Each structure stands twice: as structure tokens, then as C-alpha cells.
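First the structure, in the form of C-alpha cells, and then the observations on it.
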Amino acid sequence: MEIIKVERADHHGIVAGVIHDLGLIKFIDSCVGVDDGEKITTGEAIAGMIINGLGFTDRPMTLTPQFFQNCPIELLFRDGVVAEDFNRFKLGRALDSVYSFGCDMMFAQLAKLACKMEGIETRFGHLDTTSFTLTGDYDSSSDEHAVKVTYGYSKAKRPDLKQVVHEMMVTQDGGVPLISKTWDGNTSDNEIFTARSKALIESLEKSQNPCYLIADSKLYSESNSAHLKEFPFITRIPNSINLVTDTIEKAGNVQNLLKLNLH
């Protein structure tokens with residue numbers, strides 16, 4: 001008698017399918033390299049954490065092997081892969097490898113690859129920041145690379161809480177994230193936009209088509225003017241600049257004169 005075994009992939013099959021269609025595993029492995037002695041690659045470990053995170057969110061990441069015990073793991077990955085391969089030591093080494101390569105750089109390259117595969121227009125990039133409030137005590141001295149959780153201008157209207165600032169640039173077509181970075185809680189938008197503009201100069205120069213950076217008035221500042229002249233941008237010039245207030249005042253005077261003439 002033939003024995004048939006039934007396994008449920010649920011929505012994890014869709015997630016794994018998207019991961020494979022985007023070539024995420026091969027892309028990560030091409031960035032950090034592959035060790036012939038490892039049972040699963042860094043790309044597979046990261047893919048496992050993604051699938052776990054989208055279906056096991058109430059458990060710590062260290063229990064990833066437990067999560068895959070009830071999944072058709074060979075269908076989600078490949079033959080020979082078992083749940084125990086996703087142990088906390090392998091996941092930790094995988095995260096270290098991605099960190100050494102550069103999380104922000106890898107994210108940006110992967111986003112660009114995904115947009116190209118899906119035909120998403122990336123000519124217009126919308127840049128903005130937001131703040132996330134946090135409670136509790138944070139010792140930044142324990143990790144020199146960690147962001148500083150501290151007080152700053154609170155966009156959430158909670159100046160009593162510490163925060164971190166998150167920067168993101170998305171496509172106008174579909175709002176797909178292109179760039180993501182976390183900053184210290186007291187970092188100003190002017191500082192973030194200036195640093196981003198400087199970093200974008202080289203990448204925009206290599207672009208085959210003209211690309212435009214879109215952001216609010218914090219993009220336009222004296223410190224950032226040298227960078228902005230290197231590529232097209234769209235913004236609103238802030239009222240803090242005298243030329244702007246003078247122009248608005250002159251426009252108002254002209255409008256008043258026109259009204260008087262009409263009467």
C-alpha cells in the first residue's frame with residue numbers, strides 16, 4: 001500500500017515563493033560568500049528568519065528550529081535541509097555576516113534588484129524621516145556601532161520619551177522602500193538629508209535615466225546646497241530663507257494691487 005504524507009505549507013509557501021522568485025538567497029550568498037562546510041548558506045538562514053518572522057511572531061528567533069518542525073521544509077528550501085539547521089548559532093553567524101557586509105547597502109541593492117525584476121519605476125525617490133519613541137534605559141556604550149537612544153525633536157508629540165530616528169526613501173511607483181537607515185534620536189532632518197544627498201551623488205551619476213530626489217523643505221539648506229546642485233531634486237524652499245520671505249511678500253503686494261485695480 002502506498003503511503004501518502006500530507007504537509008501544510010499555508011502562507012509560508014507564498015513567502016518562500018516570493019523569496020525564490022526574487023533570488024534573495026543567491027543574492028545574499030553572492031554578497032557574503034558560501035562556505036562549503038556549512039549545512040545551509042547565509043542566504044538560506046536569512047530566508048528562514050523571514051519566513052519565521054512572518055508566521056511565528058509570538059516566539060523568540062532562537063526557537064526557529066521548533067517552528068520548522070511542522071513545515072514542509074524541503075519544499076520551502078531544498079532537499080537535505082532539516083529544521084535543526086536553523087539553530088541559533090547559525091542564525092547568529094548569518095546576521096554577523098550580513099552586518100559585516102553592510103545591512104543598509106545590502107538592503108538598497110536588493111531593493112533595486114527587486115524593482116528591476118518587477119518593472120517598478122524608480123526615477124522619483126521620496127525621502128523622509130520619522131521618529132520612534134521608546135521607554136526604558138539604554139546603554140549605548142556597550143556597542144560602539146549602536147544608535148543612540150536619546151531625547152530629540154519628537155514627531156510623535158512625546159518629548160518626555162527617548163527616541164530613535166528612521167530614514168527611508170521609497171519609489172513613487174508603489175511606495176517600495178529603496179533605502180532604510182536608523183539614526184541617533186537627536187539627529188536633525190537637515191543632517192540626515194545632507195548625508196543622504198552626498199551619498200546619492202555617485203549612484204545617481206551612474207544611473208542611465210535622470211533620477212529625482214523628492215523631500216520636504218528640510219532638504220534645502222546652506223550645508224546641502226553643494227550636493228543638491230549635482231542632481232535634480234524637488235522640494236519646497238523653507239520660509240527661513242530671506243529670499244523666500246521677500247518673494248512671498250512681493251507676490252502678496254502685487255496681488256493686493258491687482259485687487260485694487262479690479263475694484
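Ordering of the C-alpha cells sets the chain letters (A, B, ...); residue numbers start at 1 within each chain; ligands are numbered from 1 in the order shown.
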
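Residues lying within 12 Å of Leu63 in chain A, counting only C-alpha atoms and ignoring same-chain neighbours fewer than 2 positions away, are Gly48, Met49, Asn52, Gly53, Phe56, Thr57, Asp58, Arg59, Pro60, Met61, Pro65, Gln66, Phe67, Phe68, Gln69, Ala83, Glu84, Asp85, Phe86, Asn87, Arg88, Phe89 and Leu91 of chain A.
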
Could you take the residues named above and write them with N, CA and C atoms, as a CSV table (one decimal), in the first residue's frame?
```
chain,number,residue,atom,x,y,z
A,48,GLY,N,15.1,31.8,6.1
A,48,GLY,CA,14.4,31.1,7.2
A,48,GLY,C,13.9,32.1,8.3
A,49,MET,N,14.7,33.1,8.6
A,49,MET,CA,14.3,34.1,9.6
A,49,MET,C,13.1,34.9,9.1
A,52,ASN,N,10.0,32.7,9.3
A,52,ASN,CA,9.7,32.5,10.7
A,52,ASN,C,9.0,33.8,11.2
A,53,GLY,N,9.6,34.9,10.9
A,53,GLY,CA,9.1,36.2,11.4
A,53,GLY,C,7.7,36.5,10.9
A,56,PHE,N,5.5,33.3,13.0
A,56,PHE,CA,5.8,32.8,14.3
A,56,PHE,C,6.2,33.9,15.2
A,57,THR,N,5.5,35.0,15.1
A,57,THR,CA,5.9,36.3,15.7
A,57,THR,C,5.8,36.4,17.2
A,58,ASP,N,5.1,35.4,17.8
A,58,ASP,CA,5.0,35.4,19.2
A,58,ASP,C,6.1,34.6,19.9
A,59,ARG,N,7.0,34.1,19.2
A,59,ARG,CA,8.1,33.3,19.8
A,59,ARG,C,9.5,33.9,19.5
A,60,PRO,N,10.5,33.7,20.3
A,60,PRO,CA,11.8,34.3,20.0
A,60,PRO,C,12.4,33.6,18.8
A,61,MET,N,13.4,34.3,18.2
A,61,MET,CA,14.0,33.8,17.0
A,61,MET,C,14.8,32.5,17.3
A,65,PRO,N,14.1,26.5,14.9
A,65,PRO,CA,14.0,25.0,14.6
A,65,PRO,C,12.7,24.5,15.0
A,66,GLN,N,12.1,24.9,16.1
A,66,GLN,CA,10.8,24.4,16.6
A,66,GLN,C,9.7,24.8,15.6
A,67,PHE,N,9.9,26.0,15.0
A,67,PHE,CA,8.9,26.5,14.1
A,67,PHE,C,8.9,25.6,12.8
A,68,PHE,N,10.1,25.2,12.3
A,68,PHE,CA,10.2,24.5,11.1
A,68,PHE,C,9.9,23.0,11.2
A,69,GLN,N,9.7,22.5,12.5
A,69,GLN,CA,9.4,21.1,12.7
A,69,GLN,C,8.1,20.7,12.0
A,83,ALA,N,15.1,21.0,10.0
A,83,ALA,CA,14.8,22.1,10.9
A,83,ALA,C,16.0,22.5,11.8
A,84,GLU,N,16.7,21.5,12.3
A,84,GLU,CA,17.8,21.7,13.2
A,84,GLU,C,19.0,22.6,12.6
A,85,ASP,N,19.0,22.7,11.3
A,85,ASP,CA,20.0,23.5,10.6
A,85,ASP,C,19.8,25.0,10.9
A,86,PHE,N,18.6,25.4,11.3
A,86,PHE,CA,18.3,26.8,11.6
A,86,PHE,C,18.5,27.1,13.1
A,87,ASN,N,19.5,26.6,13.7
A,87,ASN,CA,19.8,26.8,15.1
A,87,ASN,C,20.3,28.2,15.4
A,88,ARG,N,20.3,28.6,16.7
A,88,ARG,CA,20.6,30.0,17.0
A,88,ARG,C,22.1,30.3,16.7
A,89,PHE,N,23.0,29.3,16.6
A,89,PHE,CA,24.4,29.6,16.3
A,89,PHE,C,24.5,30.0,14.8
A,91,LEU,N,22.1,31.1,12.9
A,91,LEU,CA,21.4,32.4,12.6
A,91,LEU,C,22.2,33.6,13.1
```

Taking the DSSP assignment computed from this structure's backbone, write out as a ChimeraX atom specification all residues of range 23-262 of chain A that belong to alpha helix (DSSP H). /A:24-32,42-53,64-68,73-76,88-101,103-118,189-205,225-228,242-262

Selected residues written out with C-alpha atoms, as an mmCIF file, in the first residue's frame:
```
data_model
loop_
_atom_site.group_PDB
_atom_site.id
_atom_site.type_symbol
_atom_site.label_atom_id
_atom_site.label_comp_id
_atom_site.auth_asym_id
_atom_site.auth_seq_id
_atom_site.Cartn_x
_atom_site.Cartn_y
_atom_site.Cartn_z
ATOM 1 C CA LEU A 24 17.133 36.630 -2.421
ATOM 2 C CA ILE A 25 19.106 33.590 -1.262
ATOM 3 C CA LYS A 26 21.525 33.648 -4.207
ATOM 4 C CA PHE A 27 21.903 37.415 -3.902
ATOM 5 C CA ILE A 28 22.841 37.298 -0.207
ATOM 6 C CA ASP A 29 25.224 34.400 -0.794
ATOM 7 C CA SER A 30 26.908 36.332 -3.612
ATOM 8 C CA CYS A 31 27.478 39.226 -1.197
ATOM 9 C CA VAL A 32 28.854 37.339 1.810
ATOM 10 C CA THR A 42 23.770 32.549 4.956
ATOM 11 C CA GLY A 43 21.098 33.336 2.367
ATOM 12 C CA GLU A 44 19.052 30.323 3.418
ATOM 13 C CA ALA A 45 19.419 31.264 7.085
ATOM 14 C CA ILE A 46 18.160 34.797 6.396
ATOM 15 C CA ALA A 47 15.285 33.403 4.306
ATOM 16 C CA GLY A 48 14.408 31.106 7.204
ATOM 17 C CA MET A 49 14.270 34.050 9.585
ATOM 18 C CA ILE A 50 11.986 35.926 7.192
ATOM 19 C CA ILE A 51 9.573 33.003 6.914
ATOM 20 C CA ASN A 52 9.695 32.521 10.671
ATOM 21 C CA GLY A 53 9.112 36.207 11.351
ATOM 22 C CA THR A 64 13.243 28.806 14.688
ATOM 23 C CA PRO A 65 14.040 25.042 14.582
ATOM 24 C CA GLN A 66 10.833 24.414 16.556
ATOM 25 C CA PHE A 67 8.881 26.488 14.051
ATOM 26 C CA PHE A 68 10.166 24.484 11.058
ATOM 27 C CA ILE A 73 10.965 22.436 4.921
ATOM 28 C CA GLU A 74 12.320 20.631 1.853
ATOM 29 C CA LEU A 75 9.560 22.227 -0.209
ATOM 30 C CA LEU A 76 10.300 25.679 1.199
ATOM 31 C CA ARG A 88 20.634 29.959 16.992
ATOM 32 C CA PHE A 89 24.358 29.606 16.309
ATOM 33 C CA LYS A 90 23.850 29.516 12.548
ATOM 34 C CA LEU A 91 21.371 32.383 12.642
ATOM 35 C CA GLY A 92 23.787 34.435 14.746
ATOM 36 C CA ARG A 93 26.675 33.838 12.323
ATOM 37 C CA ALA A 94 24.410 34.719 9.400
ATOM 38 C CA LEU A 95 23.436 38.029 10.990
ATOM 39 C CA ASP A 96 27.101 38.774 11.712
ATOM 40 C CA SER A 97 27.973 38.133 8.057
ATOM 41 C CA VAL A 98 25.249 40.474 6.821
ATOM 42 C CA TYR A 99 26.316 43.131 9.324
ATOM 43 C CA SER A 100 29.944 42.862 8.189
ATOM 44 C CA PHE A 101 28.889 43.358 4.571
ATOM 45 C CA CYS A 103 22.904 45.965 6.177
ATOM 46 C CA ASP A 104 21.957 49.269 4.555
ATOM 47 C CA MET A 105 23.996 48.527 1.438
ATOM 48 C CA MET A 106 22.556 45.030 1.069
ATOM 49 C CA PHE A 107 19.005 46.324 1.544
ATOM 50 C CA ALA A 108 19.471 49.015 -1.110
ATOM 51 C CA GLN A 109 20.978 46.612 -3.650
ATOM 52 C CA LEU A 110 18.272 44.022 -3.073
ATOM 53 C CA ALA A 111 15.524 46.661 -3.378
ATOM 54 C CA LYS A 112 16.994 47.867 -6.661
ATOM 55 C CA LEU A 113 17.133 44.287 -7.966
ATOM 56 C CA ALA A 114 13.515 43.637 -6.932
ATOM 57 C CA CYS A 115 12.290 46.838 -8.605
ATOM 58 C CA LYS A 116 14.086 45.915 -11.820
ATOM 59 C CA MET A 117 12.574 42.424 -11.842
ATOM 60 C CA GLU A 118 9.047 43.690 -11.175
ATOM 61 C CA ASP A 189 16.457 66.141 9.414
ATOM 62 C CA ASN A 190 18.944 68.633 7.950
ATOM 63 C CA GLU A 191 21.847 66.410 8.970
ATOM 64 C CA ILE A 192 20.180 63.260 7.622
ATOM 65 C CA PHE A 193 19.159 64.827 4.306
ATOM 66 C CA THR A 194 22.624 66.316 3.803
ATOM 67 C CA ALA A 195 24.300 62.949 4.397
ATOM 68 C CA ARG A 196 21.846 61.185 2.082
ATOM 69 C CA SER A 197 22.260 63.759 -0.700
ATOM 70 C CA LYS A 198 26.033 63.379 -0.524
ATOM 71 C CA ALA A 199 25.737 59.585 -0.727
ATOM 72 C CA LEU A 200 23.313 59.736 -3.662
ATOM 73 C CA ILE A 201 25.546 61.819 -5.930
ATOM 74 C CA GLU A 202 27.669 58.887 -7.118
ATOM 75 C CA SER A 203 24.760 56.467 -7.562
ATOM 76 C CA LEU A 204 22.637 58.997 -9.471
ATOM 77 C CA GLU A 205 25.527 59.834 -11.785
ATOM 78 C CA SER A 225 23.329 73.236 -1.435
ATOM 79 C CA ALA A 226 26.671 71.968 -2.755
ATOM 80 C CA HIS A 227 25.266 68.441 -3.036
ATOM 81 C CA LEU A 228 21.873 69.390 -4.448
ATOM 82 C CA ASN A 242 15.185 85.677 3.381
ATOM 83 C CA LEU A 243 14.809 85.420 -0.387
ATOM 84 C CA VAL A 244 11.724 83.251 0.078
ATOM 85 C CA THR A 245 10.011 85.615 2.508
ATOM 86 C CA ASP A 246 10.863 88.616 0.300
ATOM 87 C CA THR A 247 9.445 86.866 -2.774
ATOM 88 C CA ILE A 248 6.263 85.905 -0.938
ATOM 89 C CA GLU A 249 5.885 89.459 0.334
ATOM 90 C CA LYS A 250 6.361 90.912 -3.150
ATOM 91 C CA ALA A 251 3.862 88.434 -4.578
ATOM 92 C CA GLY A 252 1.373 89.475 -1.896
ATOM 93 C CA ASN A 253 1.853 93.139 -2.705
ATOM 94 C CA VAL A 254 1.292 92.512 -6.407
ATOM 95 C CA GLN A 255 -1.868 90.549 -5.633
ATOM 96 C CA ASN A 256 -3.185 93.385 -3.479
ATOM 97 C CA LEU A 257 -2.506 95.896 -6.257
ATOM 98 C CA LEU A 258 -4.392 93.741 -8.732
ATOM 99 C CA LYS A 259 -7.357 93.564 -6.399
ATOM 100 C CA LEU A 260 -7.355 97.356 -6.042
ATOM 101 C CA ASN A 261 -7.243 97.826 -9.803
ATOM 102 C CA LEU A 262 -10.123 95.428 -10.281
#
```

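Atom to atom, CA of Ile120 in chain A and CA of Met168 in chain A stand 17.2 Å apart.
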
Residue list (strand (DSSP E or B), DSSP) for range 6-241 of chain A, as a VMD selection string: chain A and resid 124 to 134 150 162 to 171 177 to 183 212 to 214 233 to 234

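With only C-alpha atoms as the basis for measurement, A:Leu213 is the residue among A:Leu213, A:Ile40, A:Ala16, A:Ile3 that approaches Lys229 in chain A most closely.
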
Residues within 12 Å of His166 in chain A, only C-alpha atoms, excluding chain neighbours under 5 positions, as an NGL selection string: :A and (127-133 or 147 or 149 or 155 or 179-189 or 192-193)
